[in-house]
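One file, target-v3.txt, is given below (compact mmCIF, C-alpha atoms).
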# COMPACT_ATOMS: atom_id res chain seq x y z
CA MET D 216 -28.37 -14.45 -13.70
CA PRO D 217 -28.87 -15.71 -10.14
CA LEU D 218 -31.15 -13.79 -7.82
CA SER D 219 -29.75 -11.81 -4.92
CA ALA D 220 -29.93 -13.47 -1.51
CA ASP D 221 -31.80 -10.41 -0.25
CA PRO D 222 -35.12 -10.12 -2.16
CA THR D 223 -35.24 -6.39 -1.36
CA GLU D 224 -32.03 -5.82 -3.31
CA PRO D 225 -31.88 -5.99 -7.12
CA PRO D 226 -29.74 -8.80 -8.52
CA ASP D 227 -26.15 -7.91 -9.30
CA ARG D 228 -26.04 -7.62 -13.08
CA TRP D 229 -22.41 -8.64 -13.27
CA ILE D 230 -22.83 -11.99 -11.50
CA GLY D 231 -22.91 -14.59 -14.27
CA ALA D 232 -21.80 -12.11 -16.94
CA LEU D 233 -19.30 -13.23 -19.58
CA LEU D 234 -16.72 -10.55 -20.32
CA ALA D 235 -14.90 -10.60 -23.65
CA LYS D 236 -15.85 -14.27 -24.03
CA THR D 237 -13.09 -14.98 -21.52
CA TYR D 238 -14.01 -14.10 -17.93
CA ARG D 239 -17.14 -15.57 -16.31
CA VAL D 240 -18.04 -13.49 -13.23
CA THR D 241 -18.93 -15.77 -10.31
CA ARG D 242 -19.17 -13.74 -7.10
CA LEU D 243 -18.73 -10.35 -5.48
CA LEU D 244 -15.52 -9.91 -3.49
CA GLY D 245 -15.88 -6.32 -2.32
CA GLU D 246 -17.07 -2.81 -3.12
CA GLY D 247 -15.30 0.52 -2.98
CA GLY D 248 -15.71 4.14 -3.90
CA MET D 249 -15.17 3.70 -7.64
CA GLY D 250 -16.72 0.30 -8.22
CA ALA D 251 -16.78 -3.35 -7.23
CA VAL D 252 -14.38 -6.30 -7.41
CA TYR D 253 -15.56 -9.75 -8.47
CA GLU D 254 -14.07 -13.18 -8.82
CA ALA D 255 -14.17 -14.49 -12.37
CA GLU D 256 -13.25 -17.81 -13.95
CA HIS D 257 -11.26 -17.99 -17.16
CA THR D 258 -13.34 -19.87 -19.73
CA ARG D 259 -10.41 -21.64 -21.38
CA LEU D 260 -7.86 -22.01 -18.59
CA PRO D 261 -8.17 -23.47 -15.07
CA ARG D 262 -7.56 -20.13 -13.36
CA SER D 263 -9.59 -17.47 -11.58
CA PHE D 264 -9.00 -13.73 -11.55
CA ALA D 265 -10.22 -10.63 -9.76
CA VAL D 266 -12.21 -8.28 -12.01
CA LYS D 267 -12.67 -4.65 -10.97
CA VAL D 268 -15.62 -2.94 -12.68
CA LEU D 269 -16.16 0.81 -12.63
CA GLY D 270 -19.41 1.61 -10.79
CA ASP D 271 -22.40 3.42 -12.27
CA ALA D 272 -21.81 6.60 -10.25
CA SER D 273 -18.19 6.90 -11.41
CA PHE D 274 -19.12 5.83 -14.93
CA LYS D 275 -20.85 9.18 -15.42
CA HIS D 276 -17.58 11.09 -15.06
CA GLU D 277 -14.88 11.05 -17.72
CA SER D 278 -12.20 11.83 -15.13
CA ALA D 279 -13.10 8.65 -13.23
CA LYS D 280 -12.84 6.60 -16.43
CA THR D 281 -9.45 8.14 -17.15
CA ARG D 282 -8.19 7.41 -13.62
CA PHE D 283 -9.47 3.85 -13.93
CA ARG D 284 -7.59 3.27 -17.16
CA ARG D 285 -4.47 4.89 -15.77
CA GLU D 286 -4.60 2.58 -12.76
CA ALA D 287 -4.42 -0.37 -15.13
CA GLU D 288 -1.60 1.15 -17.18
CA ILE D 289 0.50 2.11 -14.15
CA ALA D 290 0.05 -1.19 -12.32
CA CYS D 291 0.89 -3.07 -15.51
CA ARG D 292 4.04 -1.00 -15.99
CA LEU D 293 5.19 -1.38 -12.37
CA LYS D 294 6.10 -5.04 -12.52
CA HIS D 295 7.02 -5.94 -8.96
CA ARG D 296 6.18 -8.89 -6.77
CA HIS D 297 4.74 -6.62 -4.06
CA ILE D 298 2.41 -4.77 -6.48
CA VAL D 299 -0.80 -6.47 -7.60
CA GLU D 300 -0.48 -7.77 -11.14
CA VAL D 301 -2.90 -6.38 -13.74
CA VAL D 302 -3.29 -8.72 -16.71
CA ASP D 303 -6.02 -7.12 -18.84
CA TYR D 304 -8.13 -4.00 -19.41
CA ASN D 305 -11.33 -3.73 -21.45
CA VAL D 306 -14.88 -2.36 -21.48
CA THR D 307 -18.17 -4.21 -21.17
CA SER D 308 -20.89 -4.15 -23.82
CA SER D 309 -22.49 -1.31 -21.86
CA GLY D 310 -19.26 0.67 -21.93
CA HIS D 311 -18.22 0.08 -18.30
CA PRO D 312 -14.41 -0.20 -18.02
CA TYR D 313 -13.02 -3.16 -16.11
CA LEU D 314 -9.57 -4.42 -15.31
CA VAL D 315 -8.49 -7.99 -14.63
CA MET D 316 -6.02 -8.68 -11.84
CA GLU D 317 -4.42 -11.63 -10.14
CA LEU D 318 -6.75 -13.14 -7.55
CA LEU D 319 -5.31 -12.73 -4.05
CA GLU D 320 -6.08 -14.95 -1.08
CA GLY D 321 -5.90 -13.39 2.37
CA GLU D 322 -7.02 -10.10 3.91
CA ASP D 323 -6.09 -6.46 3.80
CA LEU D 324 -4.05 -4.84 6.55
CA ALA D 325 -7.11 -2.92 7.75
CA ALA D 326 -8.86 -6.19 8.61
CA ARG D 327 -5.78 -7.47 10.45
CA LEU D 328 -5.49 -4.25 12.44
CA SER D 329 -9.21 -4.26 13.26
CA ARG D 330 -8.91 -7.78 14.64
CA GLU D 331 -5.55 -7.57 16.41
CA GLY D 332 -4.89 -3.91 17.17
CA GLN D 333 -1.17 -3.64 17.83
CA LEU D 334 0.86 -5.97 15.63
CA PRO D 335 4.01 -7.87 16.62
CA LEU D 336 7.13 -5.81 16.04
CA GLU D 337 8.59 -8.27 13.53
CA LEU D 338 5.37 -8.23 11.47
CA ALA D 339 5.12 -4.43 11.49
CA VAL D 340 8.71 -4.06 10.31
CA SER D 341 8.27 -6.79 7.67
CA VAL D 342 5.14 -5.14 6.25
CA THR D 343 6.95 -1.79 6.20
CA HIS D 344 9.89 -3.34 4.35
CA GLN D 345 7.67 -5.01 1.74
CA VAL D 346 5.58 -1.88 1.11
CA ALA D 347 8.80 0.14 0.84
CA SER D 348 10.02 -2.38 -1.71
CA ALA D 349 6.96 -1.76 -3.89
CA LEU D 350 7.08 2.02 -3.45
CA ALA D 351 10.79 2.15 -4.30
CA THR D 352 10.02 0.77 -7.74
CA ALA D 353 7.08 3.14 -8.21
CA HIS D 354 9.08 6.19 -7.13
CA GLN D 355 11.99 5.21 -9.34
CA GLN D 356 9.57 5.37 -12.29
CA GLY D 357 8.10 8.70 -11.20
CA VAL D 358 4.86 7.34 -9.74
CA VAL D 359 3.50 8.55 -6.40
CA HIS D 360 0.72 6.37 -4.98
CA ARG D 361 -1.03 9.19 -3.01
CA ASP D 362 -3.57 6.87 -1.34
CA LEU D 363 -1.47 4.44 0.66
CA LYS D 364 -3.57 3.08 3.53
CA PRO D 365 -4.19 -0.27 5.27
CA GLN D 366 -7.08 -1.04 2.90
CA ASN D 367 -4.63 -0.86 -0.03
CA ILE D 368 -2.09 -3.19 1.57
CA PHE D 369 -3.12 -6.81 1.09
CA LEU D 370 -1.63 -9.60 3.20
CA CYS D 371 -1.59 -12.72 1.05
CA ARG D 372 -1.55 -16.33 2.12
CA GLN D 373 1.33 -18.02 0.34
CA ALA D 374 2.74 -21.41 1.34
CA ASP D 375 3.32 -21.29 5.11
CA ARG D 376 2.89 -17.53 5.58
CA ASP D 377 0.02 -15.07 5.66
CA ASP D 378 1.85 -11.75 5.43
CA PHE D 379 3.13 -11.51 1.86
CA VAL D 380 2.31 -7.93 0.87
CA LYS D 381 0.65 -6.73 -2.31
CA VAL D 382 0.12 -2.98 -2.74
CA LEU D 383 -3.20 -2.18 -4.46
CA ASP D 384 -5.04 0.68 -6.14
CA PHE D 385 -2.96 3.18 -8.07
CA GLY D 386 -6.17 4.91 -9.16
CA ILE D 387 -5.26 8.38 -7.89
CA SER D 388 -1.51 8.03 -8.28
CA LYS D 389 0.47 10.97 -9.61
CA LEU D 390 2.93 10.84 -12.49
CA LEU D 391 5.78 13.19 -11.65
CA GLY D 392 6.95 15.32 -14.54
CA SER D 393 4.08 14.25 -16.79
CA GLY D 394 2.92 17.80 -17.32
CA SER D 395 -0.69 16.81 -16.80
CA SER D 396 -2.93 16.09 -13.85
CA LEU D 397 -6.35 14.56 -13.45
CA THR D 398 -7.06 16.78 -10.45
CA GLY D 399 -6.92 20.52 -9.95
CA ASP D 400 -4.03 22.17 -8.17
CA GLN D 401 -6.16 22.61 -5.03
CA ALA D 402 -7.91 19.23 -5.13
CA ILE D 403 -7.67 17.04 -2.02
CA MET D 404 -7.23 13.42 -3.07
CA GLY D 405 -6.55 10.59 -0.65
CA THR D 406 -7.58 9.34 2.79
CA PRO D 407 -7.37 11.92 5.65
CA TRP D 408 -5.75 9.69 8.31
CA TYR D 409 -2.73 8.96 6.09
CA MET D 410 -2.36 12.18 4.11
CA ALA D 411 0.82 14.22 4.25
CA PRO D 412 0.26 17.86 5.32
CA GLU D 413 0.98 19.21 1.84
CA GLN D 414 -1.58 16.78 0.44
CA ALA D 415 -4.12 17.71 3.14
CA ARG D 416 -3.75 21.36 2.13
CA GLY D 417 -4.63 20.47 -1.46
CA LEU D 418 -1.23 21.60 -2.74
CA SER D 419 -1.07 19.05 -5.54
CA ALA D 420 2.02 20.61 -7.11
CA GLU D 421 3.97 19.97 -3.89
CA VAL D 422 2.94 16.32 -3.53
CA ASP D 423 5.83 14.05 -4.43
CA HIS D 424 7.22 10.69 -3.26
CA ARG D 425 7.67 12.07 0.25
CA ALA D 426 3.88 12.07 0.68
CA ASP D 427 4.02 8.26 0.37
CA ILE D 428 6.78 8.21 3.00
CA PHE D 429 4.50 10.13 5.36
CA ALA D 430 1.64 7.71 4.68
CA LEU D 431 3.86 4.69 5.30
CA GLY D 432 5.01 6.29 8.56
CA ALA D 433 1.38 6.76 9.61
CA ILE D 434 0.62 3.11 8.81
CA LEU D 435 3.69 1.93 10.74
CA TYR D 436 2.58 4.09 13.69
CA GLN D 437 -0.84 2.42 13.57
CA MET D 438 0.63 -1.08 13.36
CA LEU D 439 2.71 -0.41 16.48
CA ALA D 440 0.29 1.75 18.48
CA GLY D 441 -3.04 0.18 17.51
CA ARG D 442 -4.42 3.60 16.55
CA VAL D 443 -3.86 6.18 13.83
CA PRO D 444 -1.49 9.05 14.62
CA PHE D 445 -4.02 11.72 13.66
CA ALA D 446 -7.70 11.32 14.50
CA GLY D 447 -10.55 13.80 14.44
CA GLU D 448 -14.31 13.56 14.79
CA SER D 449 -14.67 14.16 11.05
CA ALA D 450 -12.59 14.20 7.91
CA LEU D 451 -12.13 17.97 8.23
CA THR D 452 -10.93 17.83 11.84
CA THR D 453 -8.60 14.99 10.92
CA LEU D 454 -7.12 17.06 8.10
CA TYR D 455 -6.67 19.93 10.56
CA ALA D 456 -4.78 17.61 12.92
CA VAL D 457 -2.56 16.34 10.11
CA ILE D 458 -1.63 19.92 9.21
CA ASN D 459 -1.27 21.40 12.70
CA ASP D 460 -0.91 18.76 15.44
CA GLU D 461 1.81 16.35 16.51
CA PRO D 462 0.92 12.67 16.95
CA PRO D 463 0.79 11.31 20.52
CA PRO D 464 4.17 9.87 21.55
CA LEU D 465 4.46 6.31 20.35
CA SER D 466 6.01 5.30 23.67
CA ALA D 467 2.80 6.34 25.45
CA GLN D 468 0.77 4.02 23.22
CA ARG D 469 3.18 1.07 23.41
CA PRO D 470 5.77 1.27 26.18
CA GLY D 471 8.97 -0.66 25.71
CA LEU D 472 9.63 0.12 22.06
CA PRO D 473 13.21 1.18 21.31
CA ALA D 474 13.63 4.95 21.45
CA ALA D 475 15.38 4.88 18.09
CA LEU D 476 12.35 3.19 16.53
CA GLU D 477 10.02 5.88 17.84
CA ALA D 478 12.40 8.52 16.49
CA ALA D 479 12.35 6.87 13.05
CA VAL D 480 8.55 6.75 12.97
CA MET D 481 8.27 10.36 14.08
CA ARG D 482 10.77 11.47 11.47
CA ALA D 483 8.57 9.97 8.77
CA LEU D 484 5.66 12.03 10.17
CA VAL D 485 7.26 15.48 10.41
CA LYS D 486 5.35 18.28 8.70
CA PRO D 487 8.07 19.73 6.42
CA ARG D 488 8.74 17.17 3.70
CA GLU D 489 12.40 18.23 3.57
CA GLU D 490 12.87 16.93 7.13
CA ARG D 491 11.40 13.46 6.53
CA PHE D 492 13.30 10.51 5.21
CA GLN D 493 13.95 11.36 1.59
CA THR D 494 13.49 7.82 0.24
CA VAL D 495 11.50 4.79 1.33
CA ARG D 496 14.78 2.88 1.41
CA GLU D 497 16.03 5.20 4.14
CA LEU D 498 12.83 4.71 6.14
CA ALA D 499 12.90 0.90 5.83
CA ALA D 500 16.59 0.76 6.76
CA ALA D 501 16.19 3.05 9.79
CA VAL D 502 13.16 1.14 11.10
CA ALA D 503 14.85 -2.27 10.81
CA GLU D 504 18.06 -0.94 12.37
CA ALA D 505 16.21 0.65 15.28
CA ALA D 506 14.17 -2.50 15.87
CA GLY D 507 17.31 -4.64 15.88
CA LEU D 508 16.05 -6.78 12.99
CA SER D 509 17.52 -8.14 9.77
CA LEU D 510 16.13 -10.04 6.82
CA ASP D 511 16.19 -13.81 6.89
CA VAL D 512 17.42 -15.85 3.93
CA THR D 513 14.07 -15.50 2.13
CA GLY D 514 14.53 -11.76 1.98
CA GLU D 515 11.13 -11.13 3.60
CA HIS D 516 10.85 -12.19 7.24
CA MET D 517 12.48 -10.05 9.90
CA ILE D 518 14.63 -11.79 12.50
CA PRO D 519 16.61 -10.46 15.50
CA ARG D 520 20.02 -9.19 14.49
CA PRO D 521 22.93 -11.00 16.20
CA PRO D 522 24.30 -8.82 19.01
CA LEU D 523 27.75 -7.29 18.62
CA ALA D 524 30.39 -9.50 20.19
CA ARG D 525 32.08 -7.97 23.22
CA PRO D 526 35.86 -7.55 22.96
CA PRO D 527 37.99 -9.60 25.33
CA LEU D 528 39.55 -7.73 28.20
CA GLY D 529 42.56 -5.82 26.99
CA GLY D 530 42.16 -7.06 23.42
CA ALA D 531 40.86 -5.83 20.11
CA PRO D 532 37.15 -6.06 19.27
CA VAL D 533 35.99 -9.40 17.97
CA PRO D 534 34.19 -8.94 14.64
CA THR D 535 30.63 -10.18 14.38
CA PRO D 536 30.24 -13.00 11.81
CA PRO D 537 28.69 -11.65 8.61
CA ILE D 538 25.01 -12.25 7.93
CA THR D 539 24.60 -14.46 4.90
CA GLY D 540 21.83 -14.17 2.34
CA PRO D 541 20.19 -10.94 1.12
CA ILE D 542 21.51 -7.55 2.12
CA ALA D 543 20.16 -6.44 5.51
CA PRO D 544 17.97 -3.34 5.40
CA SER D 545 20.43 -1.47 7.62
CA SER D 546 22.97 -1.56 4.80
CA LEU D 547 20.67 -0.02 2.22
CA ASP D 548 20.98 3.59 1.15
CA ALA D 549 19.51 5.84 -1.46
CA THR D 550 22.18 4.96 -4.01
CA LEU D 551 21.11 1.34 -4.35
CA PRO D 552 18.76 0.29 -7.19
CA ALA D 553 15.10 -0.31 -6.43
CA GLU D 554 15.39 -4.05 -6.91
CA THR D 555 17.58 -4.22 -3.78
CA LEU D 556 14.39 -3.98 -1.77
CA SER D 557 12.45 -6.39 -3.97

Just give me the structure of the file as C-alpha cells.
Amino acid sequence: MPLSADPTEPPDRWIGALLAKTYRVTRLLGEGGMGAVYEAEHTRLPRSFAVKVLGDASFKHESAKTRFRREAEIACRLKHRHIVEVVDYNVTSSGHPYLVMELLEGEDLAARLSREGQLPLELAVSVTHQVASALATAHQQGVVHRDLKPQNIFLCRQADRDDFVKVLDFGISKLLGSGSSLTGDQAIMGTPWYMAPEQARGLSAEVDHRADIFALGAILYQMLAGRVPFAGESALTTLYAVINDEPPPLSAQRPGLPAALEAAVMRALVKPREERFQTVRELAAAVAEAAGLSLDVTGEHMIPRPPLARPPLGGAPVPTPPITGPIAPSSLDATLPAETLS
C-alpha cells in the first residue's frame, strides 16, 4: 500500500485494497461520522465507483452496522434519479461493512453555500424541487430521511449543468410502520440546524415525513438568506432555538423576495407539524408559484412563468397560452403520484 503523504499519519489501510476481487480502492474522497468514502476502480469493467466503508469507531457497535446495512437496502429500494444509486453491499476480510455507490462528480450543497452564500432564486427553487422529487418517492414508500442537510445534497456536474441533485445518506432514516426502531424513543438523531422541533425534543414516535419538510424548509431558507434559520453557540442552544424561537424574517436577510415566497418558507418552518405543508409536493408547488417560476422542457431548470395577459378594455380576459412540456410545479397536488416530481 502507498505511504501517506504526511509521515506523521499512518497509511490508510484501504488505499490499494482489493474488495471482493472486484473493487480496487484508489483514493480517499471524504470522511464522515460513520466512516470514509473512497474512489475504487472496477477490476473487470472501465468504471469507477464510490465505496463507503464503516469506520473503526462505528464498527464496534452493532447498531451502527445495522444502520449501515439498512442505508444500503433503503437506497437500493428507492430507485430514483435524484437519490444516489447503491449497487453493492458486502464486508471486508476484517468484517468491516462497505457499500458501493455510483461515483458522483461535483460538490455538495454545503460547499456551494460556503462559497457563494445566498444562491440565485432560480437555483434555490430548482434544488428544492429536485430534493422534493426524491423525498416524494421516499415518503410514498414509508421512508423518512431524518438527516436532510446541505452536506447530504450533492450537486452533480452533468453535461452543461452543475446543479443536478442527488440526495445522499439514508443511514438514520426511519421506516414508518415497521414496528421497530434502531434508536430509543427519546433518542435525538440528526443535525441540529435542520431538525424539526419534534425531532429536537427526541420524540421519535412523532417524527414522520413532515420532519423532512421542516428540514427542506430550513435548507431553502439558508439558500435564500445565506444563513441558517436557527443558530446557537452550541448544539444544545441551537436545539433550544429550534424548539422555542422563530427564525429571523427572510425579508430582513434578503430584501426584495416575494412576500408569498417568504410565507411559503415560513410555513414549512412552523413548530406544529399539523400546520406545515403536509407533503413535499405542496411545498415545492407553493415555492415555485410564489417565485413566479415554472419548469423548462427538461423538467429540471426553473424559468420565469409567462405573465398573465391583460384583458382588452371592455372585453373578456385573454387566456395565457399553455406551457408545453412537463407539468409545472404549481399544478401539482398531493393526489398526484410521486413520479410526477421525478

Near segment 474-486 of chain D, counting only C-alpha atoms, which residues have an atom at most 9 Å away, once you skip same-chain residues fewer than 6 positions from it, shown as a PyMOL selection string?
-> chain D and resi 411-413+425+428-433+435-436+444+457-459+461-462+464-466+492+498+501-506

Give me, as an mmCIF file with C-alpha atoms, keeping the file's coordinate frame, all polymer residues having an atom no more than 10 Å from Gly231 of chain D, counting all atoms listed in the file and skipping those fewer than 3 positions away in the same chain.
data_model
loop_
_atom_site.group_PDB
_atom_site.id
_atom_site.type_symbol
_atom_site.label_atom_id
_atom_site.label_comp_id
_atom_site.auth_asym_id
_atom_site.auth_seq_id
_atom_site.Cartn_x
_atom_site.Cartn_y
_atom_site.Cartn_z
ATOM 1 C CA MET D 216 -28.370 -14.450 -13.700
ATOM 2 C CA PRO D 217 -28.870 -15.710 -10.140
ATOM 3 C CA ASP D 227 -26.150 -7.910 -9.300
ATOM 4 C CA ARG D 228 -26.040 -7.620 -13.080
ATOM 5 C CA LEU D 234 -16.720 -10.550 -20.320
ATOM 6 C CA TYR D 238 -14.010 -14.100 -17.930
ATOM 7 C CA ARG D 239 -17.140 -15.570 -16.310
ATOM 8 C CA VAL D 240 -18.040 -13.490 -13.230
ATOM 9 C CA THR D 241 -18.930 -15.770 -10.310
ATOM 10 C CA ARG D 242 -19.170 -13.740 -7.100
ATOM 11 C CA ALA D 255 -14.170 -14.490 -12.370
#

Report, in Å to a single decimal, how far apart atom CA of His354 of chain D and atom CA of Ser419 of chain D are.
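These two atoms are separated by 16.5 Å.
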
Counting all atoms listed in the file, which of D:Val299, D:Ala426, D:Val358, D:Ala353 gets nearest to Val382 of chain D?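 Using all atoms listed in the file, the shortest distance to Val382 of chain D belongs to D:Val299.
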
Exercise for the section: Could you please determine the separation between atom CA of Ala265 of chain D and atom CA of His424 of chain D in Å, to one decimal place? Expected result: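 Taking atom CA of Ala265 of chain D as the start and atom CA of His424 of chain D as the end point, the length is 28.3 Å.
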
Expressed in Å, the length from atom CA of Gly270 of chain D to atom CA of Met249 of chain D is 5.7 Å

Of the listed residues D:Leu472, D:Met438, D:Ala290, D:Leu269, that which approaches Ser309 of chain D most closely, counting only C-alpha atoms:
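Answer, going by the shortest atom-to-atom distance: D:Leu269.
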
Skipping near chain neighbours, those fewer than 6 positions away, what residues fall within 9 Å of Leu439 of chain D using all atoms listed in the file, listed as a CSV table (one decimal) with C-alpha atoms, in the coordinates of the input?
chain,number,residue,atom,x,y,z
D,332,GLY,CA,-4.9,-3.9,17.2
D,333,GLN,CA,-1.2,-3.6,17.8
D,334,LEU,CA,0.9,-6.0,15.6
D,335,PRO,CA,4.0,-7.9,16.6
D,336,LEU,CA,7.1,-5.8,16.0
D,339,ALA,CA,5.1,-4.4,11.5
D,465,LEU,CA,4.5,6.3,20.4
D,468,GLN,CA,0.8,4.0,23.2
D,469,ARG,CA,3.2,1.1,23.4
D,472,LEU,CA,9.6,0.1,22.1

Could you list, as a list in words, every residue within 6 Å of Val315 of chain D, counting only C-alpha atoms and ignoring same-chain residues fewer than 6 positions away?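 Those residues are Ala265, Val266, Val301, Val302 and Asp303 of chain D.
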
Could you list, as number ranges by chain, every residue within 6 Å of Val380 of chain D, counting only C-alpha atoms and ignoring same-chain residues fewer than 6 positions away? D: 297, 369-370

query: Taking all atoms listed in the file into account, which of D:Ala456, D:Leu383, D:Val342, D:Leu314 comes nearest Arg361 of chain D?
result: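 Once distances to Arg361 of chain D are computed over all atoms listed in the file, the minimum belongs to D:Leu383.
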
Quiz item: Which residue, D:Arg327, D:Thr494, D:Gly441, D:Tyr455, has the smallest gap to Asp427 of chain D when you use only C-alpha atoms?
Solution: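 Smallest separation from Asp427 of chain D among the options: D:Thr494.
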
Notebook entry, point to check: Between D:Asp423, D:Leu510, D:Ser308, D:Arg292, which one has atoms that come closest to Gln356 of chain D, using all atoms listed in the file?
Noted result: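 Of D:Asp423, D:Leu510, D:Ser308, D:Arg292, the one nearest Gln356 of chain D is D:Arg292, counting all atoms listed in the file.
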